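Asks: One structure coming up, written as structure tokens, with questions to follow.
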2 protein chains.
Amino acid sequence: MEDIAAMAGVALVTVSRVLNTPERVAPATRKKVEDAIRRTGYVQNLTAGALAGSRSRIVAAVVPTIANSIFADTVQGLTETLEAAGYAILLGQTTYDATREESLVRAMLGRRPDALMLVGAPLSAGTRRLLKAAGIPVVETWDMVERPIDHVVGFSNFAAGRLVAEHLIARGRRRLRGLGGDEARSRARLAGFAAGIAAAGLEPQPAVVLASPGSATTGRDAMRALIDQGLPDDALFFTSDIIAIGALLECQRRAIAVPGRLAIAGLGDLELAAQMVPPLTTVRISGRAIGKAAAEQLLSAMAGTPSARRRIDLGVELVVRETT
Amino acid sequence: MEDIAAMAGVALVTVSRVLNTPERVAPATRKKVEDAIRRTGYVQNLTAGALAGSRSRIVAAVVPTIANSIFADTVQGLTETLEAAGYAILLGQTTYDATREESLVRAMLGRRPDALMLVGAPLSAGTRRLLKAAGIPVVETWDMVERPIDHVVGFSNFAAGRLVAEHLIARGRRRLRGLGGDEARSRARLAGFAAGIAAAGLEPQPAVVLASPGSATTGRDAMRALIDQGLPDDALFFTSDIIAIGALLECQRRAIAVPGRLAIAGLGDLELAAQMVPPLTTVRISGRAIGKAAAEQLLSAMAGTPSARRRIDLGVELVVRETT
DNA sequence: TTGAAAGCGCTAACAG
DNA sequence: CTGTTAGCGCTTTCAA
């Protein structure tokens with residue numbers, strides 16, 4: 001920066017101003033500086049800026065996993081909005097592991113991000129403490145956490161599960177089973193599903209707990225196991241579309257009529273859900289919209305705007321297609 | 001850090017040592033410092049450390065997009081290896097836009113990452129210049145770029161396309177068409193496919209250029225258009241599995257026998273490819289392995305190890321299933 | 001509108 | 001093994 005200043009015949013501060021608040025520099029002066037920057041290919045050191053200014057313009061994003069997953073959409077939505085505002089994204093993956101989450105969050109906080117986004121609630125009390133102590137805006141996403149640290153953007157996983165149960169029962173199904181991964185959001189969906197069944201005076205079939213994150217193979221295997229047991233159900237709710245798709249394909253392979261013999265519903269509304277044969281009934285959730293809303297929350301919190309709404313419930317919409 | 005030092009009755013540097021090189025501090029001293037850190041919940045400021053030590057322990061990852069995409073696997077692979085070594089990941093998405101790429105890379109470089117990973121070659125000469133001037137290890141991935149900036153980890157997209165053509169021809173197909181997105185890697189795959197056809201003395205059907213990134217819907221629409229033209233082909237190669245899957249589902253819907261009437265091949269070997277009915281023939285590519293290898297390249301380059309191999313070709317493997 | 005001075009919170013280099 | 005000294009490259013006052 002000193003070199004640029006010398007080259008432009010101004011003081012170092014002026015270069016800093018051209019970079020940060022160009023409107024406060026006289027056009028002629030500005031031009032001299034900009035020319036020098038262009039000639040040299042100078043790239044400002046934002047690390048030094050972060051230290052001096054105590055604003056890093058970095059936002060941390062903590063997700064369970066990004067591979068083959070819906071959370072990638074949330075990161076995408078978050079990035080789009082935040083990058084436009086000059087923020088960079090620091091990405092971390094917990095793989096649903098509480099210990100890992102805590103050390104990851106600690107490492108991220110060491111980078112002094114201006115804000116942080118988390119999928120779900122923290123997995124451990126330690127992480128929660130770290131986050132509270134960090135004193136930066138935090139947004140939890142993908143679930144309307146009861147007692148959030150700061151902001152929440154999501155929907156009720158319980159309500160989503162219940163919605164599916166009600167739909168299946170209205171369609172005349174009586175032997176309903178839920179299947180889902182071994183993590184908080186899946187369990188909430190399953191609980192809502194069971195509640196919906198109970199509310200109709202029916203008895204739910206025992207839920208099946210699968211590995212997280214689920215995949216098409218997980219769905220296929222679960223379906224096979226059920227078929228081997230004689231398929232005692234007439235409707236299945238998978239807590240994620242990709243698992244439901246795997247199960248649906250297995251039904252096709254084994255010539256089990258869907259929805260004739262068995263109804264299948266998923267959750268997420270993957271682009272592929274609508275393309276399946278038959279198209280999959282599911283609950284629509286826009287991971288990208290969640291990311292975008294989270295970014296907006298964070299942006300206004302960083303701007304110091306006392307945001308009226310700390311809780312944003314994006315709601316949940318049943319998309320009835322042909323598998324039910 | 002000064003507070004911790006005072007509390008532990010040592011000098012500030014000693015605290016720094018406990019945090020960075022604990023083996024160089026006497027166990028008793030170390031314990032006093034660690035206790036003080038635990039009591040206060042102190043989180044080291046790595047930004048200041050980066051400025052003072054000129055090592056940020058940040059690696060930048062620049063991908064076209066992470067949503068619904070294979071590149072998420074690469075980021076995953078990269079992260080796993082790098083996080084274990086104490087690095088954080090700064091994520092950026094170009095959406096295949098050269099202008100965006102350049103401003104993104106500039107912003108990332110301002111954060112002084114210790115290394116950078118790029119999917120493919122830079123989209124513009126400006127980006128390339130920035131990267132060269134940055135003086136940090138750079139790894140280009142997903143394609144064996146001819147003249148890389150520094151390191152490359154990938155496979156030959158041309159060879160992959162050619163492999164598919166040879167397979168289809170060996171299976172007796174004669175009217176082969178390639179379909180793929182409008183970006184460099186897709187085009188290379190299509191070029192290889194065309195070359196394979198020409199080498200057999202056949203005439204390729206005109207390739208179809210689709211939007212990037214492709215989706216199942218893209219595949220369905222492309223398939224519909226072809227059917228409406230009377231489906232002049234007996235084999236189709238889609239440059240990505242998800243597009244091929246969309247096309248395959250459309251064939252099922254329109255009762256076009258696969259592979260009887262039409263052979264279909266994809267590329268990528270998505271987990272879902274093997275689950276399709278019939279299972280999809282494809283070219284296996286592990287995005288995660290690419291990320292992992294890239295991380296290892298970067299790690300050894302940052303360690304100053306004069307890495308013997310600057311080019312790692314992970315090769316390409318045809319997975320013959322039932323759609324061909 | 002521009003500039004001079006004083007740090008931001010650490011690590012590197014050197015000494016003891 | 002521990003401590004002292006001197007910055008890292010910026011932004012933030014404050015003054016002119």
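Ligands are numbered from 1 in the order shown, chains are lettered A, B, ... in the order of the structure tokens, and residues start at 1 in each chain.
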Enumerate as a ChimeraX atom specification the residues belonging to chain D that approach chain A to within 9 Å, with only C-alpha atoms (C1' of nucleotides) taken into account.
Replies: /D:8-12
Asks: Would you write out chain A as a short mmCIF file (atom, residue, chain, number, x, y, z; two decimals) with C-alpha atoms, in the first residue's frame, after superposing it on chain B by least squares over all in-order Cα pairs?
Replies:
```cif
data_model
loop_
_atom_site.label_atom_id
_atom_site.label_comp_id
_atom_site.auth_asym_id
_atom_site.auth_seq_id
_atom_site.Cartn_x
_atom_site.Cartn_y
_atom_site.Cartn_z
CA MET A 1 -3.43 -13.32 24.98
CA GLU A 2 -1.96 -10.79 27.35
CA ASP A 3 -4.70 -11.56 29.87
CA ILE A 4 -4.01 -15.27 29.66
CA ALA A 5 -0.30 -14.57 30.13
CA ALA A 6 -0.95 -12.47 33.21
CA MET A 7 -3.26 -15.09 34.64
CA ALA A 8 -0.69 -17.83 34.12
CA GLY A 9 2.14 -15.62 35.33
CA VAL A 10 4.13 -15.87 32.11
CA ALA A 11 4.94 -13.66 29.15
CA LEU A 12 2.62 -13.28 26.20
CA VAL A 13 5.02 -15.15 23.90
CA THR A 14 4.77 -18.19 26.06
CA VAL A 15 1.03 -18.33 25.54
CA SER A 16 1.64 -18.11 21.82
CA ARG A 17 4.09 -21.00 22.09
CA VAL A 18 1.68 -23.17 24.04
CA LEU A 19 -0.82 -22.67 21.24
CA ASN A 20 1.54 -23.18 18.32
CA THR A 21 4.49 -25.26 19.46
CA PRO A 22 3.47 -26.85 22.77
CA GLU A 23 6.44 -29.21 22.66
CA ARG A 24 8.79 -26.28 23.17
CA VAL A 25 7.25 -25.30 26.49
CA ALA A 26 8.01 -26.94 29.82
CA PRO A 27 5.12 -29.19 30.88
CA ALA A 28 4.50 -27.28 34.11
CA THR A 29 4.40 -23.91 32.35
CA ARG A 30 2.21 -25.36 29.66
CA LYS A 31 -0.27 -26.62 32.17
CA LYS A 32 -0.61 -23.22 33.83
CA VAL A 33 -1.33 -21.63 30.49
CA GLU A 34 -3.74 -24.30 29.37
CA ASP A 35 -5.67 -23.94 32.61
CA ALA A 36 -5.98 -20.22 32.13
CA ILE A 37 -7.20 -20.72 28.58
CA ARG A 38 -9.79 -23.19 29.74
CA ARG A 39 -11.00 -21.00 32.58
CA THR A 40 -11.52 -17.98 30.38
CA GLY A 41 -12.77 -19.67 27.22
CA TYR A 42 -10.14 -17.75 25.29
CA VAL A 43 -10.22 -18.28 21.51
CA GLN A 44 -7.00 -17.37 19.76
CA ASN A 45 -7.26 -14.72 17.05
CA LEU A 46 -5.92 -16.47 13.96
CA THR A 47 -6.34 -13.34 11.87
CA ALA A 48 -3.70 -11.57 13.90
CA GLY A 49 -1.60 -14.70 13.70
CA ALA A 50 -1.93 -14.76 9.95
CA LEU A 51 -0.79 -11.17 9.70
CA ALA A 52 2.16 -11.62 11.97
CA GLY A 53 3.20 -15.00 10.71
CA SER A 54 2.25 -14.59 7.07
CA ARG A 55 0.62 -18.02 7.03
CA SER A 56 -3.17 -17.90 7.09
CA ARG A 57 -3.84 -21.64 7.22
CA ILE A 58 -6.66 -20.99 4.81
CA VAL A 59 -7.09 -22.74 1.47
CA ALA A 60 -9.40 -21.26 -1.13
CA ALA A 61 -11.65 -23.50 -3.24
CA VAL A 62 -13.14 -22.13 -6.43
CA VAL A 63 -15.85 -24.24 -8.06
CA PRO A 64 -18.44 -23.54 -10.75
CA THR A 65 -21.31 -24.36 -8.42
CA ILE A 66 -21.88 -26.56 -5.47
CA ALA A 67 -25.62 -27.10 -5.64
CA ASN A 68 -26.88 -30.45 -6.93
CA SER A 69 -23.45 -31.12 -8.17
CA ILE A 70 -20.54 -33.42 -8.34
CA PHE A 71 -18.18 -30.64 -7.35
CA ALA A 72 -19.59 -30.83 -3.87
CA ASP A 73 -17.83 -34.17 -3.59
CA THR A 74 -14.55 -32.59 -4.55
CA VAL A 75 -14.98 -29.88 -1.95
CA GLN A 76 -15.81 -32.61 0.55
CA GLY A 77 -12.65 -34.57 -0.30
CA LEU A 78 -10.56 -31.42 -0.13
CA THR A 79 -12.04 -30.37 3.18
CA GLU A 80 -11.59 -33.71 4.87
CA THR A 81 -7.88 -33.82 4.19
CA LEU A 82 -7.20 -30.16 4.77
CA GLU A 83 -9.24 -29.74 7.95
CA ALA A 84 -7.32 -32.59 9.50
CA ALA A 85 -4.16 -30.60 8.83
CA GLY A 86 -5.57 -27.49 10.49
CA TYR A 87 -6.63 -25.59 7.41
CA ALA A 88 -9.94 -23.83 6.89
CA ILE A 89 -11.71 -23.69 3.53
CA LEU A 90 -12.79 -20.50 1.86
CA LEU A 91 -15.45 -21.39 -0.71
CA GLY A 92 -16.30 -19.52 -3.89
CA GLN A 93 -18.68 -20.25 -6.75
CA THR A 94 -18.21 -18.89 -10.26
CA THR A 95 -21.41 -20.18 -11.87
CA TYR A 96 -19.30 -20.64 -15.02
CA ASP A 97 -18.98 -16.86 -15.34
CA ALA A 98 -15.52 -15.52 -16.23
CA THR A 99 -16.07 -12.02 -14.87
CA ARG A 100 -17.42 -13.36 -11.64
CA GLU A 101 -14.54 -15.77 -11.39
CA GLU A 102 -12.01 -13.00 -11.65
CA SER A 103 -13.55 -10.77 -9.02
CA LEU A 104 -14.08 -13.77 -6.79
CA VAL A 105 -10.47 -14.90 -7.08
CA ARG A 106 -9.31 -11.37 -6.40
CA ALA A 107 -11.41 -11.22 -3.26
CA MET A 108 -10.16 -14.58 -2.12
CA LEU A 109 -6.54 -13.71 -2.78
CA GLY A 110 -7.06 -10.62 -0.66
CA ARG A 111 -7.62 -13.02 2.23
CA ARG A 112 -4.14 -14.36 1.60
CA PRO A 113 -4.89 -18.08 1.42
CA ASP A 114 -1.87 -20.37 1.65
CA ALA A 115 -3.05 -22.29 -1.42
CA LEU A 116 -5.89 -22.44 -3.89
CA MET A 117 -7.87 -25.12 -5.67
CA LEU A 118 -9.70 -24.47 -8.91
CA VAL A 119 -12.09 -26.69 -10.85
CA GLY A 120 -10.78 -26.70 -14.38
CA ALA A 121 -8.54 -24.06 -15.88
CA PRO A 122 -9.19 -20.38 -15.18
CA LEU A 123 -12.00 -19.01 -17.31
CA SER A 124 -10.07 -15.85 -18.17
CA ALA A 125 -6.52 -14.69 -18.72
CA GLY A 126 -7.02 -12.15 -15.94
CA THR A 127 -7.69 -14.87 -13.41
CA ARG A 128 -4.65 -16.76 -14.61
CA ARG A 129 -2.47 -13.69 -14.14
CA LEU A 130 -3.81 -13.09 -10.64
CA LEU A 131 -3.11 -16.68 -9.70
CA LYS A 132 0.41 -16.68 -11.06
CA ALA A 133 1.19 -13.43 -9.33
CA ALA A 134 -0.18 -14.67 -6.01
CA GLY A 135 2.83 -16.90 -5.56
CA ILE A 136 0.97 -19.66 -3.75
CA PRO A 137 0.47 -23.31 -4.70
CA VAL A 138 -2.45 -23.69 -7.08
CA VAL A 139 -4.09 -26.89 -8.20
CA GLU A 140 -6.42 -27.17 -11.16
CA THR A 141 -8.77 -30.15 -11.02
CA TRP A 142 -11.24 -32.20 -13.03
CA ASP A 143 -9.30 -31.96 -16.23
CA MET A 144 -5.73 -32.63 -17.28
CA VAL A 145 -5.24 -29.04 -18.37
CA GLU A 146 -2.46 -28.80 -20.99
CA ARG A 147 -0.47 -25.92 -19.55
CA PRO A 148 -1.42 -25.74 -15.89
CA ILE A 149 -0.52 -22.82 -13.68
CA ASP A 150 1.06 -25.12 -11.15
CA HIS A 151 -0.44 -28.52 -10.25
CA VAL A 152 -3.21 -30.57 -11.91
CA VAL A 153 -5.30 -33.44 -10.61
CA GLY A 154 -7.89 -34.90 -12.90
CA PHE A 155 -8.51 -37.10 -15.86
CA SER A 156 -8.85 -36.63 -19.59
CA ASN A 157 -12.37 -35.61 -20.48
CA PHE A 158 -11.52 -36.28 -24.09
CA ALA A 159 -10.43 -39.85 -23.33
CA ALA A 160 -13.61 -40.40 -21.32
CA GLY A 161 -15.80 -39.40 -24.24
CA ARG A 162 -13.81 -41.52 -26.62
CA LEU A 163 -14.08 -44.55 -24.33
CA VAL A 164 -17.86 -44.29 -24.41
CA ALA A 165 -17.91 -44.05 -28.21
CA GLU A 166 -15.74 -47.14 -28.54
CA HIS A 167 -17.93 -49.09 -26.19
CA LEU A 168 -21.14 -48.16 -27.99
CA ILE A 169 -19.69 -49.01 -31.36
CA ALA A 170 -18.45 -52.37 -30.05
CA ARG A 171 -22.00 -53.00 -28.96
CA GLY A 172 -23.11 -52.57 -32.54
CA ARG A 173 -24.49 -49.05 -32.35
CA ARG A 174 -24.07 -46.94 -35.46
CA ARG A 175 -26.03 -43.73 -35.05
CA LEU A 176 -24.40 -42.10 -32.03
CA ARG A 177 -25.15 -38.70 -30.61
CA GLY A 178 -23.51 -36.75 -27.82
CA LEU A 179 -25.37 -34.24 -25.65
CA GLY A 180 -23.79 -31.99 -23.07
CA GLY A 181 -23.52 -28.66 -21.35
CA ASP A 182 -22.01 -25.51 -22.74
CA GLU A 183 -18.69 -25.47 -20.89
CA ALA A 184 -15.13 -26.62 -21.41
CA ARG A 185 -15.23 -30.05 -19.77
CA SER A 186 -18.45 -31.05 -21.49
CA ARG A 187 -17.09 -29.93 -24.82
CA ALA A 188 -13.93 -31.96 -24.34
CA ARG A 189 -16.02 -35.07 -23.60
CA LEU A 190 -18.09 -34.45 -26.68
CA ALA A 191 -14.96 -33.93 -28.78
CA GLY A 192 -13.53 -37.24 -27.53
CA PHE A 193 -16.83 -38.92 -28.28
CA ALA A 194 -16.85 -37.56 -31.83
CA ALA A 195 -13.23 -38.59 -32.31
CA GLY A 196 -14.03 -42.13 -31.21
CA ILE A 197 -16.85 -42.32 -33.74
CA ALA A 198 -14.72 -40.90 -36.53
CA ALA A 199 -11.92 -43.34 -35.74
CA ALA A 200 -14.36 -46.17 -36.42
CA GLY A 201 -15.12 -44.68 -39.79
CA LEU A 202 -18.59 -43.56 -38.75
CA GLU A 203 -20.26 -40.21 -38.97
CA PRO A 204 -21.39 -38.76 -35.61
CA GLN A 205 -24.88 -37.33 -35.32
CA PRO A 206 -24.70 -33.59 -34.60
CA ALA A 207 -24.06 -32.93 -30.92
CA VAL A 208 -26.69 -31.17 -28.83
CA VAL A 209 -25.58 -28.34 -26.58
CA LEU A 210 -27.55 -28.01 -23.35
CA ALA A 211 -27.58 -25.48 -20.54
CA SER A 212 -25.02 -25.74 -17.72
CA PRO A 213 -25.26 -27.03 -15.11
CA GLY A 214 -27.52 -29.75 -16.45
CA SER A 215 -30.26 -31.46 -14.50
CA ALA A 216 -32.72 -34.32 -14.86
CA THR A 217 -35.14 -31.87 -16.40
CA THR A 218 -32.55 -30.86 -18.97
CA GLY A 219 -32.23 -34.54 -19.88
CA ARG A 220 -35.96 -35.04 -20.08
CA ASP A 221 -36.40 -32.05 -22.35
CA ALA A 222 -33.54 -33.07 -24.61
CA MET A 223 -35.01 -36.55 -24.88
CA ARG A 224 -38.42 -35.18 -25.72
CA ALA A 225 -37.00 -33.01 -28.48
CA LEU A 226 -35.20 -36.00 -29.96
CA ILE A 227 -38.33 -38.16 -29.81
CA ASP A 228 -40.31 -35.42 -31.50
CA GLN A 229 -37.77 -35.50 -34.31
CA GLY A 230 -38.42 -39.20 -34.73
CA LEU A 231 -35.41 -40.27 -32.67
CA PRO A 232 -32.91 -40.74 -35.46
CA ASP A 233 -30.27 -42.21 -33.09
CA ASP A 234 -29.58 -45.64 -31.67
CA ALA A 235 -27.23 -44.48 -28.92
CA LEU A 236 -26.95 -41.36 -26.77
CA PHE A 237 -24.06 -40.15 -24.64
CA PHE A 238 -24.85 -37.52 -22.05
CA THR A 239 -21.86 -35.77 -20.53
CA SER A 240 -23.31 -36.10 -17.06
CA ASP A 241 -25.23 -38.81 -15.24
CA ILE A 242 -27.98 -36.61 -13.93
CA ILE A 243 -28.90 -35.52 -17.45
CA ALA A 244 -28.75 -39.13 -18.64
CA ILE A 245 -31.03 -40.15 -15.78
CA GLY A 246 -33.60 -37.57 -16.78
CA ALA A 247 -33.48 -38.88 -20.33
CA LEU A 248 -33.73 -42.49 -19.18
CA LEU A 249 -36.84 -41.70 -17.13
CA GLU A 250 -38.40 -40.01 -20.14
CA CYS A 251 -37.75 -43.14 -22.19
CA GLN A 252 -39.53 -45.16 -19.54
CA ARG A 253 -42.45 -42.77 -19.67
CA ARG A 254 -42.64 -42.92 -23.47
CA ALA A 255 -42.07 -46.67 -23.56
CA ILE A 256 -38.87 -46.44 -25.55
CA ALA A 257 -36.95 -49.65 -24.91
CA VAL A 258 -33.55 -49.12 -23.35
CA PRO A 259 -31.26 -50.64 -24.45
CA GLY A 260 -33.43 -52.36 -27.08
CA ARG A 261 -34.30 -49.35 -29.20
CA LEU A 262 -31.82 -46.92 -27.70
CA ALA A 263 -28.60 -47.17 -25.72
CA ILE A 264 -27.89 -44.50 -23.11
CA ALA A 265 -24.62 -43.70 -21.37
CA GLY A 266 -23.74 -41.06 -18.81
CA LEU A 267 -20.63 -39.84 -17.06
CA GLY A 268 -19.80 -39.50 -13.38
CA ASP A 269 -21.17 -42.66 -11.83
CA LEU A 270 -23.55 -40.99 -9.44
CA GLU A 271 -24.66 -43.31 -6.70
CA LEU A 272 -28.10 -43.26 -8.33
CA ALA A 273 -26.80 -44.48 -11.70
CA ALA A 274 -26.45 -48.04 -10.43
CA GLN A 275 -29.92 -47.94 -8.88
CA MET A 276 -31.77 -46.97 -12.02
CA VAL A 277 -33.99 -49.41 -13.88
CA PRO A 278 -32.18 -50.48 -15.97
CA PRO A 279 -28.87 -49.52 -14.30
CA LEU A 280 -27.01 -46.83 -16.21
CA THR A 281 -23.77 -47.40 -18.09
CA THR A 282 -21.39 -44.61 -17.21
CA VAL A 283 -17.82 -43.48 -16.73
CA ARG A 284 -16.72 -43.66 -13.13
CA ILE A 285 -15.24 -40.51 -11.68
CA SER A 286 -14.67 -39.92 -8.00
CA GLY A 287 -15.04 -36.25 -7.29
CA ARG A 288 -14.00 -36.97 -3.75
CA ALA A 289 -10.78 -38.69 -4.82
CA ILE A 290 -9.97 -35.66 -6.94
CA GLY A 291 -10.47 -33.40 -3.92
CA LYS A 292 -8.35 -35.62 -1.73
CA ALA A 293 -5.49 -35.82 -4.22
CA ALA A 294 -5.65 -32.06 -4.76
CA ALA A 295 -5.42 -31.51 -1.00
CA GLU A 296 -2.40 -33.75 -0.79
CA GLN A 297 -0.68 -31.92 -3.62
CA LEU A 298 -1.32 -28.62 -1.93
CA LEU A 299 -0.21 -29.87 1.45
CA SER A 300 3.14 -31.04 0.17
CA ALA A 301 3.61 -27.89 -1.88
CA MET A 302 2.91 -25.76 1.20
CA ALA A 303 5.37 -27.85 3.17
CA GLY A 304 7.90 -26.86 0.53
CA THR A 305 8.40 -30.44 -0.58
CA PRO A 306 9.50 -30.24 -4.21
CA SER A 307 6.76 -32.61 -5.29
CA ALA A 308 7.96 -34.86 -8.05
CA ARG A 309 4.59 -35.09 -9.77
CA ARG A 310 2.86 -31.91 -10.75
CA ARG A 311 0.35 -33.82 -12.84
CA ILE A 312 -1.87 -36.53 -11.43
CA ASP A 313 -4.10 -38.33 -13.87
CA LEU A 314 -6.64 -40.34 -11.96
CA GLY A 315 -7.73 -42.05 -15.17
CA VAL A 316 -11.13 -43.05 -16.23
CA GLU A 317 -13.06 -46.28 -15.99
CA LEU A 318 -16.03 -47.37 -18.01
CA VAL A 319 -18.76 -48.99 -15.95
CA VAL A 320 -20.86 -51.09 -18.25
CA ARG A 321 -24.35 -51.65 -16.95
CA GLU A 322 -27.61 -52.40 -18.66
CA THR A 323 -28.56 -49.28 -20.59
CA THR A 324 -26.03 -50.15 -23.30
#
```
Asks: Identify all chain C residues at most 6 Å from chain B by counting only C-alpha atoms (C1' of nucleotides); ligands do not count. Present them as a list in words.
Replies: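 Here they are: DG9, DC10 and DT11 of chain C.
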Asks: What residues in region 101-198 of chain B get the DSSP label strand (DSSP E or B)? Please answer as a ChimeraX atom specification.
Replies: /B:115-119,138-141,151-154,176-181
Asks: Between C1' of DA6 (chain D) and C1' of DA15 (chain C), what is the distance, to one decimal in Å?
Replies: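 Separating C1' of DA6 (chain D) from C1' of DA15 (chain C) is a distance of 13.8 Å.
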Asks: Report as number ranges by chain: the residues of region 151-267 of chain B with a DSSP assignment of alpha helix (DSSP H), based on the backbone of this structure.
Replies: B: 157-170, 184-199, 216-228, 241-253
